[in-house]
Amino acid sequence: MITLKEALKLSSAELETLKDELREKIEAQSDINAYIDVHNVGDGVPIAIKDNIQVKDWSVTSGSKILQGYIAPYSATVIQKLQNAGLTPFGRTNMDEFAMGSTTESSCYGKTLNPHNKECVPGGSSGGSAAAVAAGLAIAALGSDTGGSIRQPAAFCGIVGMKPTYGRVSRYGLGAYASSLDQIGPMTQNVEDAAILYDIISGHDPKDSTSADMAYESVADKLDSSRKMTIAVLPKYIENASDDIKNAYAKTIETLKKAGHTIIEKDMMDPKYDISAYYITATAEATTNLARYDGIRYGKRVEGENLQETYFNTRSEGFGDEVKRRIMLGNFVLSSGYYDAYYVKAQKVRHLIKEEYEALFKEVDLILSPIAPTVAPKCGEFADPMAMYLSDIYSISVNLAGLPAISLPVDKRADGMPVGLQLIGAAFDEQSVFDGALSLEKELQL
């Protein structure tokens, strides 16, 4: 597949030919279920868009029955930035319902398959975007990351996925899951393409109250793979990871040393606290954000004999099991008598996690970490919700601390399944994240 950097040099006629070829490929590999549907807006470079990012006049449903029939009346800021830069939205990609999941199995459109092994999941919640890029059905894609939803599917599908610092990319037009954690980011074939797409979508947006009001800084034109950095590794932190991850981690450390980086061993608090803080925070925010889906203002409505019954019927039929589970948990942790015991305590732990990262980044430039404890599991393996929640153990602290991180493939298992790791940087230091990732990518020559 042509890279984003190369595609930006194509003429309008060449881009039309490319889009026709993409449509044929998408149709031929429809069993992967990476795309919900394909629409073209304008004549720019085609970019796949996750189904929770608003594109004017598109059906945008966040993978849920409750939003069937909703047509976006406006475009998200990131979509406007794409179009201003000569790129165009090209197709909605499948996702876990309301971005709640780690496998893309909770979508109302059915599960997406991993192109490397169709018996395995592509990860989630941006599994459709990851599968599309990995299968050669997209030059690049946009995803959203609330607790690893860009980085984990990128790792499972063997592509590059980047989560920017919270506030660096506008959330205006992103279907909200957990407002203090969500962030849109690029999913691409290589690190340079990720930097190019990041530059296009980043920057302050007055329409987003959480957007960082700071000077715009481009990254792609300053990429430096020869820059030598101090990188922290976490031997104790990865004890719960599988042998596949541990072996890839050890190999990657040696690769980074070979590239001239300084490696120092550090330790972090038990990631079990990350999971507790994350799921309390995320479900509490999700409960509030999803209260608007009542069948009255937009989306699907299931009539009842009165208003209360209409609410009940609409939400019962419109939401899937995982979304209902998280709404219930969120209501519980916010309820009278439990708010202090759960939600307030989770915010205190979140603050500790942020402080721990800040202390680490006084000594190092980057942190090398796993993204998931295993490679992509088989479809249906996470039937137990707790198993799915525990699979987020290495990805969610980055969101709780609002940091930038990039996932890239570092190894392959004997059966060809990709293994990905992540480099985590200090807040608003995307340049170091991309420089370190490019150095590792070049040294690996994958």
# chains A, B, ... in the order shown; residues from 1 in each chain; ligands from 1
call {"tool": "residues_around", "arguments": {"residues": "A:Leu22", "least_positions_apart": "6", "cutoff": "9 Å", "atoms": "only C-alpha atoms", "output": "PyMOL selection string"}}
result
chain A and resi 136-138
call {"tool": "residues_around", "arguments": {"residues": "stretch 163-171 of chain A", "least_positions_apart": "3", "cutoff": "6 Å", "atoms": "only C-alpha atoms", "output": "ChimeraX atom specification"}}
result
/A:174,185,202-203,205,210-212,402-405,427-428
call {"tool": "write_last_selection", "arguments": {"atoms": "N, CA and C atoms", "output": "short mmCIF file (atom, residue, chain, number, x, y, z; two decimals), in the first residue's frame"}}
result
data_model
loop_
_atom_site.label_atom_id
_atom_site.label_comp_id
_atom_site.auth_asym_id
_atom_site.auth_seq_id
_atom_site.Cartn_x
_atom_site.Cartn_y
_atom_site.Cartn_z
N LEU A 174 -16.09 14.56 18.44
CA LEU A 174 -15.83 13.16 18.81
C LEU A 174 -16.94 12.70 19.75
N GLY A 185 -6.35 10.28 17.46
CA GLY A 185 -4.97 10.15 17.01
C GLY A 185 -4.85 9.38 15.70
N SER A 202 -3.46 18.23 14.76
CA SER A 202 -3.19 18.83 16.07
C SER A 202 -3.35 20.35 16.04
N GLY A 203 -3.37 20.96 17.22
CA GLY A 203 -3.47 22.41 17.33
C GLY A 203 -4.67 22.84 18.15
N ASP A 205 -8.06 24.50 19.49
CA ASP A 205 -9.39 24.68 18.90
C ASP A 205 -10.29 25.38 19.92
N THR A 210 -11.33 21.84 26.42
CA THR A 210 -10.18 21.12 26.97
C THR A 210 -8.96 21.18 26.04
N SER A 211 -9.09 21.91 24.93
CA SER A 211 -7.97 22.04 23.99
C SER A 211 -6.87 22.91 24.59
N ALA A 212 -5.63 22.46 24.46
CA ALA A 212 -4.49 23.19 25.03
C ALA A 212 -4.21 24.44 24.21
N GLY A 402 -2.69 11.68 30.92
CA GLY A 402 -2.81 12.60 29.78
C GLY A 402 -1.57 12.70 28.92
N LEU A 403 -0.78 11.62 28.83
CA LEU A 403 0.53 11.66 28.15
C LEU A 403 0.45 11.21 26.69
N PRO A 404 1.47 11.57 25.89
CA PRO A 404 1.56 11.04 24.53
C PRO A 404 2.27 9.70 24.52
N ALA A 405 1.84 8.82 23.62
CA ALA A 405 2.48 7.50 23.50
C ALA A 405 2.27 6.98 22.09
N ALA A 427 4.34 14.97 28.89
CA ALA A 427 3.24 15.76 28.34
C ALA A 427 3.75 16.82 27.37
N PHE A 428 3.13 16.88 26.20
CA PHE A 428 3.42 17.85 25.13
C PHE A 428 4.81 17.68 24.52
#
call {"tool": "residues_around", "arguments": {"residues": "A:Glu356", "least_positions_apart": "5", "cutoff": "10 Å", "atoms": "only C-alpha atoms", "output": "list in words"}}
result
Asp267, Met268, Met269, Arg350, His351, Phe361 and Ala401 of chain A
call {"tool": "closest_residue", "arguments": {"among": "A:Thr88, A:Gln83, A:Ser75, A:Asn240", "to": "A:Val41", "atoms": "only C-alpha atoms"}}
result
A:Thr88
call {"tool": "closest_residue", "arguments": {"among": "A:Cys120, A:Ile79, A:Ala248, A:Ala34", "to": "A:Glu381", "atoms": "only C-alpha atoms"}}
result
A:Cys120
call {"tool": "closest_atom_pairs", "arguments": {"of": "stretch 355-441 of chain A", "to": "stretch 93-117 of chain A", "cutoff": "10 Å", "atoms": "only C-alpha atoms", "output": "CSV"}}
result
residue,atom,partner,partner_atom,distance
A:Ala376,CA,A:Asn114,CA,8.2
A:Pro377,CA,A:Thr103,CA,8.8
A:Lys378,CA,A:Asn117,CA,8.9
A:Cys379,CA,A:Glu105,CA,8.0
A:Gly380,CA,A:Glu105,CA,8.2
A:Glu381,CA,A:Thr103,CA,9.6
A:Phe382,CA,A:Thr103,CA,8.1
A:Ala383,CA,A:Glu105,CA,9.8
A:Pro385,CA,A:Gly101,CA,9.1
A:Met388,CA,A:Ser102,CA,6.5
A:Tyr389,CA,A:Ser102,CA,8.1
A:Ser391,CA,A:Ser102,CA,7.9
A:Asp392,CA,A:Ser102,CA,7.8
A:Asp415,CA,A:Asn117,CA,9.2
A:Gly416,CA,A:His116,CA,7.3
A:Met417,CA,A:His116,CA,6.3
A:Pro418,CA,A:His116,CA,8.0
call {"tool": "write_last_selection", "arguments": {"atoms": "C-alpha atoms", "output": "compact mmCIF listing (two decimals), in the first residue's frame"}}
result
# COMPACT_ATOMS: atom_id res chain seq x y z
CA ALA A 376 -4.12 -10.65 19.86
CA PRO A 377 -6.41 -13.23 21.53
CA LYS A 378 -8.86 -15.46 19.69
CA CYS A 379 -12.37 -14.15 19.01
CA GLY A 380 -14.60 -14.85 22.00
CA GLU A 381 -11.69 -15.28 24.41
CA PHE A 382 -12.76 -12.19 26.37
CA ALA A 383 -16.31 -13.41 26.99
CA PRO A 385 -15.70 -8.90 31.07
CA MET A 388 -11.14 -7.84 28.98
CA TYR A 389 -10.70 -5.17 31.66
CA SER A 391 -6.11 -6.78 29.32
CA ASP A 392 -5.95 -2.96 29.54
CA ASP A 415 2.87 -18.01 13.79
CA GLY A 416 3.24 -14.54 12.28
CA MET A 417 1.14 -12.62 14.81
CA PRO A 418 2.59 -9.16 15.40
call {"tool": "residues_around", "arguments": {"residues": "A:Val38", "least_positions_apart": "4", "cutoff": "9 Å", "atoms": "only C-alpha atoms", "output": "ChimeraX atom specification"}}
result
/A:23,26,48,90-93
call {"tool": "write_last_selection", "arguments": {"atoms": "N, CA and C atoms", "output": "mmCIF file, in the first residue's frame"}}
result
data_model
loop_
_atom_site.group_PDB
_atom_site.id
_atom_site.type_symbol
_atom_site.label_atom_id
_atom_site.label_comp_id
_atom_site.auth_asym_id
_atom_site.auth_seq_id
_atom_site.Cartn_x
_atom_site.Cartn_y
_atom_site.Cartn_z
ATOM 1 N N ARG A 23 -11.803 0.763 -3.122
ATOM 2 C CA ARG A 23 -13.178 0.248 -3.069
ATOM 3 C C ARG A 23 -13.215 -1.229 -3.457
ATOM 4 N N ILE A 26 -11.719 -3.286 -0.623
ATOM 5 C CA ILE A 26 -12.628 -3.328 0.529
ATOM 6 C C ILE A 26 -13.752 -4.319 0.271
ATOM 7 N N ALA A 48 -9.408 6.716 6.350
ATOM 8 C CA ALA A 48 -10.506 6.008 7.011
ATOM 9 C C ALA A 48 -10.817 6.680 8.353
ATOM 10 N N PHE A 90 -12.887 8.954 4.029
ATOM 11 C CA PHE A 90 -13.193 7.911 3.048
ATOM 12 C C PHE A 90 -13.607 6.642 3.805
ATOM 13 N N GLY A 91 -14.860 6.586 4.199
ATOM 14 C CA GLY A 91 -15.358 5.370 4.832
ATOM 15 C C GLY A 91 -15.323 5.386 6.353
ATOM 16 N N ARG A 92 -16.401 4.812 6.921
ATOM 17 C CA ARG A 92 -16.498 4.664 8.379
ATOM 18 C C ARG A 92 -15.948 3.307 8.784
ATOM 19 N N THR A 93 -15.089 3.294 9.795
ATOM 20 C CA THR A 93 -14.540 2.019 10.255
ATOM 21 C C THR A 93 -15.273 1.531 11.504
#
call {"tool": "closest_atom_pairs", "arguments": {"of": "stretch 158-230 of chain A", "to": "stretch 279-289 of chain A", "cutoff": "10 Å", "atoms": "only C-alpha atoms", "output": "JSON lines"}}
result
{"residue": "A:Gly175", "atom": "CA", "partner": "A:Asn289", "partner_atom": "CA", "distance": 9.1}
{"residue": "A:Ala176", "atom": "CA", "partner": "A:Asn289", "partner_atom": "CA", "distance": 6.4}
{"residue": "A:Tyr177", "atom": "CA", "partner": "A:Ala286", "partner_atom": "CA", "distance": 5.1}
{"residue": "A:Ala178", "atom": "CA", "partner": "A:Glu285", "partner_atom": "CA", "distance": 4.9}
{"residue": "A:Ser179", "atom": "CA", "partner": "A:Glu285", "partner_atom": "CA", "distance": 6.7}
{"residue": "A:Ser180", "atom": "CA", "partner": "A:Glu285", "partner_atom": "CA", "distance": 8.0}
{"residue": "A:Leu181", "atom": "CA", "partner": "A:Ala282", "partner_atom": "CA", "distance": 7.6}
{"residue": "A:Asp182", "atom": "CA", "partner": "A:Ala282", "partner_atom": "CA", "distance": 9.5}
call {"tool": "atom_distance", "arguments": {"atom1": "atom CA of A:Gly124", "atom2": "atom CA of A:Lys324"}}
result
17.8 Å
call {"tool": "closest_residue", "arguments": {"among": "A:Glu355, A:Glu317, A:Glu305, A:Asp243", "to": "A:Pro370", "atoms": "only C-alpha atoms"}}
result
A:Asp243
